[in-house]
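Q: Supplied structure: input34.pdb, PDB, C-alpha atoms.
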```pdb
MODEL        1
ATOM      1  CA  MET A   1      -1.094 197.855  37.057  1.00  0.00           C
ATOM      2  CA  ALA A   2      -1.453 200.684  34.555  1.00  0.00           C
ATOM      3  CA  ARG A   3      -3.315 199.792  31.378  1.00  0.00           C
ATOM      4  CA  SER A   4      -2.434 201.183  27.998  1.00  0.00           C
ATOM      5  CA  ARG A   5      -4.790 203.703  26.460  1.00  0.00           C
ATOM      6  CA  ALA A   6      -5.561 201.284  23.623  1.00  0.00           C
ATOM      7  CA  TRP A   7      -6.577 198.566  26.120  1.00  0.00           C
ATOM      8  CA  ILE A   8      -8.750 201.008  28.065  1.00  0.00           C
ATOM      9  CA  ASP A   9     -10.422 202.382  24.927  1.00  0.00           C
ATOM     10  CA  SER A  10     -11.042 198.924  23.505  1.00  0.00           C
ATOM     11  CA  ASN A  11     -12.469 197.437  26.684  1.00  0.00           C
ATOM     12  CA  PHE A  12     -14.391 200.559  27.688  1.00  0.00           C
ATOM     13  CA  ARG A  13     -16.325 200.482  24.421  1.00  0.00           C
ATOM     14  CA  LYS A  14     -17.243 196.863  25.123  1.00  0.00           C
ATOM     15  CA  ILE A  15     -18.754 197.818  28.471  1.00  0.00           C
ATOM     16  CA  LEU A  16     -20.864 200.609  26.995  1.00  0.00           C
ATOM     17  CA  ARG A  17     -22.533 198.685  24.180  1.00  0.00           C
ATOM     18  CA  GLN A  18     -26.270 198.104  24.198  1.00  0.00           C
ATOM     19  CA  PRO A  19     -27.546 197.497  27.753  1.00  0.00           C
ATOM     20  CA  SER A  20     -28.916 194.021  27.061  1.00  0.00           C
ATOM     21  CA  GLU A  21     -25.848 192.727  25.257  1.00  0.00           C
ATOM     22  CA  ILE A  22     -23.491 190.094  26.627  1.00  0.00           C
ATOM     23  CA  LEU A  23     -20.058 191.621  26.877  1.00  0.00           C
ATOM     24  CA  SER A  24     -16.670 189.986  27.016  1.00  0.00           C
ATOM     25  CA  PHE A  25     -13.193 191.389  27.364  1.00  0.00           C
ATOM     26  CA  ARG A  26     -10.569 190.164  24.938  1.00  0.00           C
ATOM     27  CA  ASP A  27      -8.283 188.978  27.725  1.00  0.00           C
ATOM     28  CA  HIS A  28     -11.031 187.599  29.969  1.00  0.00           C
ATOM     29  CA  THR A  29     -12.975 184.427  29.341  1.00  0.00           C
ATOM     30  CA  ARG A  30     -15.957 185.102  31.590  1.00  0.00           C
ATOM     31  CA  PRO A  31     -18.635 187.301  30.000  1.00  0.00           C
ATOM     32  CA  CYS A  32     -19.989 190.306  31.840  1.00  0.00           C
ATOM     33  CA  TYR A  33     -23.785 190.381  31.677  1.00  0.00           C
ATOM     34  CA  ILE A  34     -25.494 193.735  31.713  1.00  0.00           C
ATOM     35  CA  THR A  35     -29.249 193.808  31.454  1.00  0.00           C
ATOM     36  CA  LYS A  36     -31.497 196.773  30.924  1.00  0.00           C
ATOM     37  CA  GLY A  37     -32.844 198.229  34.126  1.00  0.00           C
ATOM     38  CA  GLN A  38     -30.058 196.825  36.306  1.00  0.00           C
ATOM     39  CA  PRO A  39     -27.014 198.764  37.447  1.00  0.00           C
ATOM     40  CA  ARG A  40     -24.076 198.197  35.156  1.00  0.00           C
ATOM     41  CA  LEU A  41     -21.686 198.181  38.072  1.00  0.00           C
ATOM     42  CA  GLN A  42     -22.436 196.686  41.440  1.00  0.00           C
ATOM     43  CA  ALA A  43     -21.309 197.857  44.854  1.00  0.00           C
ATOM     44  CA  MET A  44     -19.097 195.525  46.791  1.00  0.00           C
ATOM     45  CA  PRO A  45     -20.754 193.544  49.571  1.00  0.00           C
ATOM     46  CA  GLY A  46     -20.549 195.396  52.869  1.00  0.00           C
ATOM     47  CA  ASN A  47     -18.139 192.881  54.377  1.00  0.00           C
ATOM     48  CA  VAL A  48     -15.398 193.349  51.759  1.00  0.00           C
ATOM     49  CA  SER A  49     -12.909 195.974  52.887  1.00  0.00           C
ATOM     50  CA  GLN A  50     -11.013 198.300  50.582  1.00  0.00           C
ATOM     51  CA  SER A  51      -7.851 196.372  51.375  1.00  0.00           C
ATOM     52  CA  ALA A  52      -9.546 193.052  50.584  1.00  0.00           C
ATOM     53  CA  GLU A  53     -10.749 194.477  47.263  1.00  0.00           C
ATOM     54  CA  ASP A  54      -7.179 195.547  46.440  1.00  0.00           C
ATOM     55  CA  TYR A  55      -5.879 192.056  47.177  1.00  0.00           C
ATOM     56  CA  LEU A  56      -8.594 190.348  45.144  1.00  0.00           C
ATOM     57  CA  GLU A  57      -7.972 192.731  42.273  1.00  0.00           C
ATOM     58  CA  ARG A  58      -4.229 192.059  42.310  1.00  0.00           C
ATOM     59  CA  ILE A  59      -4.669 188.275  42.628  1.00  0.00           C
ATOM     60  CA  HIS A  60      -7.025 188.324  39.644  1.00  0.00           C
ATOM     61  CA  GLU A  61      -4.577 190.428  37.588  1.00  0.00           C
ATOM     62  CA  LEU A  62      -1.686 188.080  38.414  1.00  0.00           C
ATOM     63  CA  ILE A  63      -3.700 185.019  37.464  1.00  0.00           C
ATOM     64  CA  GLU A  64      -4.667 186.662  34.163  1.00  0.00           C
ATOM     65  CA  THR A  65      -1.184 187.890  33.281  1.00  0.00           C
ATOM     66  CA  LYS A  66       1.044 185.162  34.726  1.00  0.00           C
ATOM     67  CA  GLY A  67      -1.353 182.246  34.943  1.00  0.00           C
ATOM     68  CA  SER A  68      -0.988 181.999  38.727  1.00  0.00           C
ATOM     69  CA  ALA A  69      -0.731 184.057  41.886  1.00  0.00           C
ATOM     70  CA  HIS A  70       1.582 183.289  44.791  1.00  0.00           C
ATOM     71  CA  VAL A  71       2.029 185.116  48.084  1.00  0.00           C
ATOM     72  CA  ALA A  72       5.495 186.340  47.027  1.00  0.00           C
ATOM     73  CA  ASP A  73       4.129 187.772  43.748  1.00  0.00           C
ATOM     74  CA  ILE A  74       1.336 189.587  45.556  1.00  0.00           C
ATOM     75  CA  ALA A  75       3.735 190.979  48.155  1.00  0.00           C
ATOM     76  CA  GLN A  76       6.062 192.269  45.453  1.00  0.00           C
ATOM     77  CA  SER A  77       3.303 193.810  43.329  1.00  0.00           C
ATOM     78  CA  LEU A  78       1.617 195.518  46.300  1.00  0.00           C
ATOM     79  CA  ASN A  79       4.934 196.443  47.914  1.00  0.00           C
ATOM     80  CA  VAL A  80       4.026 194.826  51.250  1.00  0.00           C
ATOM     81  CA  GLY A  81       5.591 192.083  53.331  1.00  0.00           C
ATOM     82  CA  GLN A  82       4.823 188.423  52.750  1.00  0.00           C
ATOM     83  CA  PRO A  83       3.470 187.922  56.300  1.00  0.00           C
ATOM     84  CA  SER A  84       0.900 190.679  55.653  1.00  0.00           C
ATOM     85  CA  VAL A  85      -0.112 189.023  52.392  1.00  0.00           C
ATOM     86  CA  THR A  86      -0.376 185.613  54.056  1.00  0.00           C
ATOM     87  CA  SER A  87      -2.607 187.054  56.764  1.00  0.00           C
ATOM     88  CA  MET A  88      -4.955 188.719  54.260  1.00  0.00           C
ATOM     89  CA  VAL A  89      -4.988 185.663  51.991  1.00  0.00           C
ATOM     90  CA  GLN A  90      -6.031 183.493  54.939  1.00  0.00           C
ATOM     91  CA  LYS A  91      -8.837 185.946  55.781  1.00  0.00           C
ATOM     92  CA  LEU A  92     -10.007 185.964  52.168  1.00  0.00           C
ATOM     93  CA  ALA A  93      -9.915 182.159  52.089  1.00  0.00           C
ATOM     94  CA  ASP A  94     -11.916 181.977  55.342  1.00  0.00           C
ATOM     95  CA  ALA A  95     -14.458 184.381  53.837  1.00  0.00           C
ATOM     96  CA  GLY A  96     -14.810 182.152  50.759  1.00  0.00           C
ATOM     97  CA  TYR A  97     -13.192 184.443  48.187  1.00  0.00           C
ATOM     98  CA  LEU A  98     -10.244 182.205  47.331  1.00  0.00           C
ATOM     99  CA  ARG A  99      -8.626 178.831  47.916  1.00  0.00           C
ATOM    100  CA  TYR A 100      -5.284 178.907  49.675  1.00  0.00           C
ATOM    101  CA  GLU A 101      -2.777 176.170  50.420  1.00  0.00           C
ATOM    102  CA  LYS A 102       0.596 177.077  51.836  1.00  0.00           C
ATOM    103  CA  TYR A 103       3.334 177.194  49.162  1.00  0.00           C
ATOM    104  CA  ARG A 104       0.819 176.722  46.337  1.00  0.00           C
ATOM    105  CA  SER A 105      -0.728 179.153  43.896  1.00  0.00           C
ATOM    106  CA  LEU A 106      -3.974 180.814  44.878  1.00  0.00           C
ATOM    107  CA  THR A 107      -7.241 180.283  43.058  1.00  0.00           C
ATOM    108  CA  LEU A 108     -10.241 182.565  43.233  1.00  0.00           C
ATOM    109  CA  THR A 109     -13.654 181.152  44.011  1.00  0.00           C
ATOM    110  CA  ASP A 110     -16.559 182.234  41.842  1.00  0.00           C
ATOM    111  CA  GLU A 111     -17.444 184.845  44.460  1.00  0.00           C
ATOM    112  CA  GLY A 112     -13.856 186.123  44.624  1.00  0.00           C
ATOM    113  CA  ARG A 113     -13.647 186.294  40.842  1.00  0.00           C
ATOM    114  CA  ALA A 114     -16.935 188.210  40.689  1.00  0.00           C
ATOM    115  CA  VAL A 115     -15.630 190.788  43.178  1.00  0.00           C
ATOM    116  CA  ALA A 116     -12.342 191.129  41.256  1.00  0.00           C
ATOM    117  CA  GLU A 117     -14.158 191.535  37.942  1.00  0.00           C
ATOM    118  CA  ARG A 118     -16.414 194.258  39.344  1.00  0.00           C
ATOM    119  CA  ILE A 119     -13.317 196.075  40.537  1.00  0.00           C
ATOM    120  CA  ARG A 120     -11.787 195.728  37.066  1.00  0.00           C
ATOM    121  CA  ASP A 121     -14.988 197.106  35.537  1.00  0.00           C
ATOM    122  CA  ARG A 122     -14.824 200.129  37.852  1.00  0.00           C
ATOM    123  CA  HIS A 123     -11.244 200.693  36.708  1.00  0.00           C
ATOM    124  CA  VAL A 124     -12.259 200.542  33.065  1.00  0.00           C
ATOM    125  CA  VAL A 125     -15.053 203.088  33.560  1.00  0.00           C
ATOM    126  CA  LEU A 126     -12.886 205.484  35.560  1.00  0.00           C
ATOM    127  CA  ALA A 127      -9.914 205.152  33.200  1.00  0.00           C
ATOM    128  CA  GLY A 128     -12.175 205.754  30.199  1.00  0.00           C
ATOM    129  CA  PHE A 129     -13.523 208.902  31.843  1.00  0.00           C
ATOM    130  CA  PHE A 130     -10.101 210.261  32.833  1.00  0.00           C
ATOM    131  CA  THR A 131      -8.632 209.440  29.426  1.00  0.00           C
ATOM    132  CA  LEU A 132     -11.144 211.802  27.790  1.00  0.00           C
ATOM    133  CA  PHE A 133      -9.455 214.704  29.521  1.00  0.00           C
ATOM    134  CA  GLY A 134      -5.906 213.757  28.608  1.00  0.00           C
ATOM    135  CA  LEU A 135      -4.767 212.722  32.070  1.00  0.00           C
ATOM    136  CA  ASP A 136      -1.544 210.724  31.922  1.00  0.00           C
ATOM    137  CA  ASP A 137      -1.509 207.039  32.902  1.00  0.00           C
ATOM    138  CA  GLU A 138       0.339 207.633  36.175  1.00  0.00           C
ATOM    139  CA  THR A 139      -2.106 210.298  37.322  1.00  0.00           C
ATOM    140  CA  GLN A 140      -5.036 208.120  36.288  1.00  0.00           C
ATOM    141  CA  ALA A 141      -3.715 205.095  38.180  1.00  0.00           C
ATOM    142  CA  ARG A 142      -3.116 207.123  41.349  1.00  0.00           C
ATOM    143  CA  ASP A 143      -6.501 208.847  41.194  1.00  0.00           C
ATOM    144  CA  ILE A 144      -8.407 205.665  40.377  1.00  0.00           C
ATOM    145  CA  GLU A 145      -6.827 203.891  43.337  1.00  0.00           C
ATOM    146  CA  GLY A 146      -7.772 206.842  45.514  1.00  0.00           C
ATOM    147  CA  ILE A 147     -11.453 206.988  44.601  1.00  0.00           C
ATOM    148  CA  GLU A 148     -12.537 203.630  43.208  1.00  0.00           C
ATOM    149  CA  HIS A 149     -13.608 202.211  46.558  1.00  0.00           C
ATOM    150  CA  HIS A 150     -15.650 205.266  47.509  1.00  0.00           C
ATOM    151  CA  LEU A 151     -17.961 205.759  44.542  1.00  0.00           C
ATOM    152  CA  SER A 152     -21.506 204.460  44.526  1.00  0.00           C
ATOM    153  CA  PRO A 153     -22.826 202.384  41.633  1.00  0.00           C
ATOM    154  CA  ASP A 154     -25.022 205.331  40.629  1.00  0.00           C
ATOM    155  CA  THR A 155     -22.011 207.652  40.442  1.00  0.00           C
ATOM    156  CA  LEU A 156     -20.079 205.113  38.367  1.00  0.00           C
ATOM    157  CA  ASP A 157     -23.036 204.689  36.029  1.00  0.00           C
ATOM    158  CA  THR A 158     -23.238 208.481  35.674  1.00  0.00           C
ATOM    159  CA  LEU A 159     -19.533 208.667  34.804  1.00  0.00           C
ATOM    160  CA  ALA A 160     -19.974 205.846  32.283  1.00  0.00           C
ATOM    161  CA  ASP A 161     -22.926 207.680  30.718  1.00  0.00           C
ATOM    162  CA  LEU A 162     -21.032 210.979  30.649  1.00  0.00           C
ATOM    163  CA  THR A 163     -18.041 209.273  29.032  1.00  0.00           C
ATOM    164  CA  GLN A 164     -20.264 207.695  26.424  1.00  0.00           C
ATOM    165  CA  PHE A 165     -21.939 211.063  25.782  1.00  0.00           C
ATOM    166  CA  PHE A 166     -18.569 212.794  25.255  1.00  0.00           C
ATOM    167  CA  ARG A 167     -17.367 209.982  22.972  1.00  0.00           C
ATOM    168  CA  GLU A 168     -20.525 210.261  20.888  1.00  0.00           C
ATOM    169  CA  ASN A 169     -20.416 214.081  20.922  1.00  0.00           C
ATOM    170  CA  PRO A 170     -16.790 215.098  20.455  1.00  0.00           C
ATOM    171  CA  GLU A 171     -17.830 218.686  19.800  1.00  0.00           C
ATOM    172  CA  ALA A 172     -19.261 218.863  23.343  1.00  0.00           C
ATOM    173  CA  LEU A 173     -16.007 217.501  24.739  1.00  0.00           C
ATOM    174  CA  ALA A 174     -14.002 220.008  22.703  1.00  0.00           C
ATOM    175  CA  LYS A 175     -16.212 222.853  23.948  1.00  0.00           C
ATOM    176  CA  PHE A 176     -15.802 221.702  27.542  1.00  0.00           C
ATOM    177  CA  GLN A 177     -12.038 221.412  27.171  1.00  0.00           C
ATOM    178  CA  SER A 178     -11.878 224.831  25.495  1.00  0.00           C
ATOM    179  CA  THR A 179     -13.923 226.385  28.284  1.00  0.00           C
ATOM    180  CA  ARG A 180     -11.820 224.675  30.922  1.00  0.00           C
ATOM    181  CA  ASN A 181      -8.531 225.704  29.324  1.00  0.00           C
ATOM    182  CA  ASN A 182      -9.624 229.297  28.706  1.00  0.00           C
ATOM    183  CA  GLY A 183     -11.426 229.754  31.985  1.00  0.00           C
ATOM    184  CA  SER A 184     -14.468 231.193  30.207  1.00  0.00           C
ATOM    185  CA  SER A 185     -17.591 229.937  28.509  1.00  0.00           C
ATOM    186  CA  ASP A 186     -19.247 230.804  25.199  1.00  0.00           C
TER     187      ASP A 186
ENDMDL
END
```
Show how you would write the structure in this file as C-alpha coordinates.

A:
Amino acid sequence: MARSRAWIDSNFRKILRQPSEILSFRDHTRPCYITKGQPRLQAMPGNVSQSAEDYLERIHELIETKGSAHVADIAQSLNVGQPSVTSMVQKLADAGYLRYEKYRSLTLTDEGRAVAERIRDRHVVLAGFFTLFGLDDETQARDIEGIEHHLSPDTLDTLADLTQFFRENPEALAKFQSTRNNGSSD
(Lines of atoms letter the chains of each structure in order from A and count residues from 1; the text may use other names and numbers.)
(Lines give C-alpha, C1' and ligand atoms only; values in the text may rest on other atoms or scores of the structure.)
Protein backbone atom coordinates (compact mmCIF):
# COMPACT_ATOMS: atom_id res chain seq x y z
CA MET A 1 0.00 0.00 0.00
CA ALA A 2 1.57 3.28 -1.09
CA ARG A 3 1.30 6.10 1.42
CA SER A 4 0.80 9.70 0.45
CA ARG A 5 3.71 12.06 0.91
CA ALA A 6 1.74 14.03 3.50
CA TRP A 7 1.14 10.86 5.56
CA ILE A 8 4.81 9.89 5.33
CA ASP A 9 6.03 13.38 6.27
CA SER A 10 3.60 13.67 9.16
CA ASN A 11 4.33 10.26 10.64
CA PHE A 12 8.07 10.38 9.95
CA ARG A 13 8.40 13.55 12.02
CA LYS A 14 6.62 11.79 14.88
CA ILE A 15 9.18 8.99 14.85
CA LEU A 16 12.14 11.37 14.94
CA ARG A 17 11.10 13.52 17.89
CA GLN A 18 13.13 13.50 21.09
CA PRO A 19 14.49 10.00 21.83
CA SER A 20 12.73 9.63 25.18
CA GLU A 21 9.33 10.79 23.98
CA ILE A 22 6.29 8.54 23.62
CA LEU A 23 5.20 8.62 20.02
CA SER A 24 1.87 7.81 18.46
CA PHE A 25 0.70 7.75 14.89
CA ARG A 26 -2.53 9.54 14.09
CA ASP A 27 -4.12 6.41 12.63
CA HIS A 28 -2.70 3.99 15.20
CA THR A 29 -3.85 3.68 18.78
CA ARG A 30 -0.83 1.90 20.23
CA PRO A 31 2.05 4.23 21.14
CA CYS A 32 5.56 3.50 19.95
CA TYR A 33 8.04 3.86 22.81
CA ILE A 34 11.54 4.96 21.98
CA THR A 35 13.97 5.42 24.82
CA LYS A 36 17.40 6.96 24.74
CA GLY A 37 20.17 4.45 24.29
CA GLN A 38 17.94 1.80 22.70
CA PRO A 39 17.64 1.18 18.98
CA ARG A 40 14.71 3.03 17.50
CA LEU A 41 13.92 0.15 15.21
CA GLN A 42 14.26 -3.48 16.15
CA ALA A 43 15.27 -6.41 13.97
CA MET A 44 12.69 -9.08 13.44
CA PRO A 45 13.11 -12.26 15.47
CA GLY A 46 15.18 -14.81 13.59
CA ASN A 47 12.23 -17.15 13.09
CA VAL A 48 10.07 -14.66 11.17
CA SER A 49 10.62 -15.02 7.44
CA GLN A 50 10.41 -12.20 4.93
CA SER A 51 7.20 -13.71 3.62
CA ALA A 52 5.73 -13.92 7.13
CA GLU A 53 6.64 -10.27 7.70
CA ASP A 54 4.85 -9.32 4.47
CA TYR A 55 1.72 -11.18 5.56
CA LEU A 56 1.73 -9.66 9.04
CA GLU A 57 2.25 -6.22 7.55
CA ARG A 58 -0.66 -6.65 5.14
CA ILE A 59 -2.97 -8.12 7.80
CA HIS A 60 -2.20 -5.16 10.06
CA GLU A 61 -2.86 -2.67 7.23
CA LEU A 62 -6.18 -4.33 6.39
CA ILE A 63 -7.30 -4.29 10.00
CA GLU A 64 -6.39 -0.60 10.26
CA THR A 65 -8.02 0.46 7.00
CA LYS A 66 -11.02 -1.88 6.79
CA GLY A 67 -11.47 -2.88 10.40
CA SER A 68 -10.87 -6.57 9.64
CA ALA A 69 -8.73 -8.93 7.61
CA HIS A 70 -10.00 -12.04 5.85
CA VAL A 71 -8.11 -14.61 3.80
CA ALA A 72 -9.79 -13.39 0.58
CA ASP A 73 -8.76 -9.77 1.27
CA ILE A 74 -5.17 -10.77 1.93
CA ALA A 75 -5.04 -12.92 -1.20
CA GLN A 76 -6.37 -10.06 -3.32
CA SER A 77 -4.05 -7.43 -1.84
CA LEU A 78 -0.94 -9.63 -2.15
CA ASN A 79 -2.01 -11.03 -5.52
CA VAL A 80 -1.67 -14.66 -4.38
CA GLY A 81 -4.08 -17.57 -4.19
CA GLN A 82 -6.33 -18.13 -1.20
CA PRO A 83 -4.85 -21.59 -0.46
CA SER A 84 -1.40 -19.98 -0.14
CA VAL A 85 -2.79 -17.36 2.22
CA THR A 86 -4.59 -20.00 4.29
CA SER A 87 -1.39 -22.00 4.61
CA MET A 88 0.65 -18.99 5.76
CA VAL A 89 -2.10 -17.80 8.10
CA GLN A 90 -2.17 -21.22 9.76
CA LYS A 91 1.63 -21.11 10.19
CA LEU A 92 1.43 -17.63 11.68
CA ALA A 93 -1.35 -18.75 14.03
CA ASP A 94 0.70 -21.80 15.10
CA ALA A 95 3.66 -19.49 15.76
CA GLY A 96 1.48 -17.25 17.96
CA TYR A 97 1.36 -14.17 15.73
CA LEU A 98 -2.38 -14.21 15.05
CA ARG A 99 -5.67 -15.90 15.86
CA TYR A 100 -7.32 -17.71 12.98
CA GLU A 101 -10.70 -19.40 12.68
CA LYS A 102 -11.87 -20.62 9.32
CA TYR A 103 -14.29 -18.18 7.63
CA ARG A 104 -13.75 -15.53 10.31
CA SER A 105 -11.67 -12.37 10.36
CA LEU A 106 -8.11 -12.63 11.60
CA THR A 107 -6.85 -10.91 14.72
CA LEU A 108 -3.23 -10.21 15.52
CA THR A 109 -1.80 -11.23 18.86
CA ASP A 110 0.28 -8.69 20.75
CA GLU A 111 3.41 -10.31 19.33
CA GLY A 112 2.03 -10.24 15.78
CA ARG A 113 1.00 -6.61 16.15
CA ALA A 114 4.46 -5.70 17.46
CA VAL A 115 6.10 -7.31 14.42
CA ALA A 116 3.69 -5.54 12.04
CA GLU A 117 4.27 -2.19 13.73
CA ARG A 118 8.05 -2.55 13.48
CA ILE A 119 7.64 -3.26 9.78
CA ARG A 120 5.46 -0.15 9.43
CA ASP A 121 8.11 1.88 11.25
CA ARG A 122 10.77 0.63 8.82
CA HIS A 123 8.53 1.72 5.95
CA VAL A 124 8.11 5.17 7.43
CA VAL A 125 11.87 5.64 7.86
CA LEU A 126 12.69 4.39 4.37
CA ALA A 127 9.89 6.38 2.73
CA GLY A 128 10.98 9.52 4.57
CA PHE A 129 14.54 9.02 3.32
CA PHE A 130 13.54 8.34 -0.29
CA THR A 131 11.08 11.24 -0.31
CA LEU A 132 13.96 13.66 0.38
CA PHE A 133 15.38 12.84 -3.02
CA GLY A 134 12.15 13.24 -4.96
CA LEU A 135 11.60 9.58 -5.75
CA ASP A 136 8.04 8.93 -6.91
CA ASP A 137 5.67 6.84 -4.77
CA GLU A 138 5.77 3.84 -7.11
CA THR A 139 9.56 3.71 -7.13
CA GLN A 140 9.64 4.14 -3.36
CA ALA A 141 7.15 1.34 -2.78
CA ARG A 142 9.04 -1.06 -5.05
CA ASP A 143 12.43 -0.21 -3.55
CA ILE A 144 11.20 -0.34 0.04
CA GLU A 145 9.70 -3.78 -0.54
CA GLY A 146 13.00 -4.87 -2.05
CA ILE A 147 15.26 -3.78 0.80
CA GLU A 148 13.21 -3.46 3.97
CA HIS A 149 13.80 -7.03 5.11
CA HIS A 150 17.55 -6.87 4.56
CA LEU A 151 18.61 -3.79 6.51
CA SER A 152 19.99 -4.01 10.01
CA PRO A 153 18.60 -1.86 12.81
CA ASP A 154 21.86 0.13 12.79
CA THR A 155 21.49 0.89 9.08
CA LEU A 156 17.87 1.96 9.57
CA ASP A 157 18.87 4.19 12.47
CA THR A 158 21.60 5.73 10.29
CA LEU A 159 19.08 6.43 7.52
CA ALA A 160 16.69 7.96 10.06
CA ASP A 161 19.50 10.16 11.40
CA LEU A 162 20.58 11.17 7.90
CA THR A 163 16.99 12.02 6.99
CA GLN A 164 16.62 14.11 10.11
CA PHE A 165 19.93 15.86 9.36
CA PHE A 166 18.82 16.73 5.81
CA ARG A 167 15.43 17.96 7.06
CA GLU A 168 17.12 20.18 9.63
CA ASN A 169 19.77 21.34 7.13
CA PRO A 170 18.00 21.92 3.82
CA GLU A 171 21.05 23.72 2.46
CA ALA A 172 23.06 20.49 2.83
CA LEU A 173 20.35 18.58 0.99
CA ALA A 174 20.27 21.20 -1.77
CA LYS A 175 24.07 21.02 -2.10
CA PHE A 176 23.95 17.23 -2.30
CA GLN A 177 21.19 17.30 -4.90
CA SER A 178 23.06 19.96 -6.89
CA THR A 179 26.24 17.90 -6.80
CA ARG A 180 24.37 14.76 -7.76
CA ASN A 181 22.53 16.44 -10.63
CA ASN A 182 25.62 18.21 -11.96
CA GLY A 183 28.00 15.33 -11.45
CA SER A 184 30.53 17.62 -9.75
CA SER A 185 31.21 18.98 -6.30
CA ASP A 186 32.02 22.48 -5.03

Q: Just want the 7 Å neighbourhood of range 135-146 of chain A, counted on all atoms listed in the file, with same-chain residues fewer than 3 positions away dropped. Output as number ranges by chain.

A: A: 2, 123, 126-127, 130-131

Q: What does the structure give for the distance between CA of Leu92 in chain A and CA of Leu62 in chain A, in Å to one decimal?

A: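 About the pair CA of Leu92 in chain A and CA of Leu62 in chain A: they are 16.2 Å apart.
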
Q: Kindly resolve the PyMOL selection byres ((chain A and resi 155-158) around 9) on the present coordinates and return the residues as a list in words.

A: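 When the PyMOL selection byres ((chain A and resi 155-158) around 9) is applied, the selected residues are Pro39, Arg40, Leu41, Arg122, Val125, Leu126, Leu151, Ser152, Pro153, Asp154, Leu159, Ala160, Asp161, Leu162 and Thr163 of chain A.
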
Q: Given the PyMOL selection byres ((chain A and resi 107-117) around 10) and the file above, list the residues it selects as a PDB file with C-alpha atoms, in the frame of the given file.

A:
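Heads up, here's the output in selection_16.pdb:
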```pdb
ATOM      1  CA  HIS A  28     -11.031 187.599  29.969  1.00  0.00           C
ATOM      2  CA  ARG A  30     -15.957 185.102  31.590  1.00  0.00           C
ATOM      3  CA  CYS A  32     -19.989 190.306  31.840  1.00  0.00           C
ATOM      4  CA  GLN A  42     -22.436 196.686  41.440  1.00  0.00           C
ATOM      5  CA  ALA A  43     -21.309 197.857  44.854  1.00  0.00           C
ATOM      6  CA  MET A  44     -19.097 195.525  46.791  1.00  0.00           C
ATOM      7  CA  PRO A  45     -20.754 193.544  49.571  1.00  0.00           C
ATOM      8  CA  VAL A  48     -15.398 193.349  51.759  1.00  0.00           C
ATOM      9  CA  ALA A  52      -9.546 193.052  50.584  1.00  0.00           C
ATOM     10  CA  GLU A  53     -10.749 194.477  47.263  1.00  0.00           C
ATOM     11  CA  ASP A  54      -7.179 195.547  46.440  1.00  0.00           C
ATOM     12  CA  TYR A  55      -5.879 192.056  47.177  1.00  0.00           C
ATOM     13  CA  LEU A  56      -8.594 190.348  45.144  1.00  0.00           C
ATOM     14  CA  GLU A  57      -7.972 192.731  42.273  1.00  0.00           C
ATOM     15  CA  ARG A  58      -4.229 192.059  42.310  1.00  0.00           C
ATOM     16  CA  ILE A  59      -4.669 188.275  42.628  1.00  0.00           C
ATOM     17  CA  HIS A  60      -7.025 188.324  39.644  1.00  0.00           C
ATOM     18  CA  GLU A  61      -4.577 190.428  37.588  1.00  0.00           C
ATOM     19  CA  ILE A  63      -3.700 185.019  37.464  1.00  0.00           C
ATOM     20  CA  SER A  68      -0.988 181.999  38.727  1.00  0.00           C
ATOM     21  CA  ALA A  69      -0.731 184.057  41.886  1.00  0.00           C
ATOM     22  CA  HIS A  70       1.582 183.289  44.791  1.00  0.00           C
ATOM     23  CA  LEU A  92     -10.007 185.964  52.168  1.00  0.00           C
ATOM     24  CA  ALA A  93      -9.915 182.159  52.089  1.00  0.00           C
ATOM     25  CA  ALA A  95     -14.458 184.381  53.837  1.00  0.00           C
ATOM     26  CA  GLY A  96     -14.810 182.152  50.759  1.00  0.00           C
ATOM     27  CA  TYR A  97     -13.192 184.443  48.187  1.00  0.00           C
ATOM     28  CA  LEU A  98     -10.244 182.205  47.331  1.00  0.00           C
ATOM     29  CA  ARG A  99      -8.626 178.831  47.916  1.00  0.00           C
ATOM     30  CA  TYR A 100      -5.284 178.907  49.675  1.00  0.00           C
ATOM     31  CA  GLU A 101      -2.777 176.170  50.420  1.00  0.00           C
ATOM     32  CA  ARG A 104       0.819 176.722  46.337  1.00  0.00           C
ATOM     33  CA  SER A 105      -0.728 179.153  43.896  1.00  0.00           C
ATOM     34  CA  LEU A 106      -3.974 180.814  44.878  1.00  0.00           C
ATOM     35  CA  ARG A 118     -16.414 194.258  39.344  1.00  0.00           C
ATOM     36  CA  ILE A 119     -13.317 196.075  40.537  1.00  0.00           C
ATOM     37  CA  ARG A 120     -11.787 195.728  37.066  1.00  0.00           C
ATOM     38  CA  ASP A 121     -14.988 197.106  35.537  1.00  0.00           C
ATOM     39  CA  ARG A 122     -14.824 200.129  37.852  1.00  0.00           C
ATOM     40  CA  HIS A 123     -11.244 200.693  36.708  1.00  0.00           C
TER      41      HIS A 123
END
```

Q: What does the distance from CA of Arg180 in chain A to CA of Phe133 in chain A come to in Å, to one decimal?

A: 10.3 Å

Q: Which distance in Å separates CA of Ala75 in chain A and CA of Val89 in chain A, to one decimal?

A: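 Going from CA of Ala75 in chain A over to CA of Val89 in chain A covers 10.9 Å.
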
Q: As JSON, please: the centre and edge lengths in Å, to one decimal, of an axis-aligned box enclosing every listed atom of range 68-73 of chain A with 5 Å added on each side.

A:
```
{"center_x": 2.3, "center_y": 184.9, "center_z": 43.4, "size_x": 16.5, "size_y": 15.8, "size_z": 19.4}
```

Q: Between A:Val71, A:Glu64, A:Glu148, A:Gly134, single out the one closest to Pro83 in chain A, counting only C-alpha atoms.

A: A:Val71
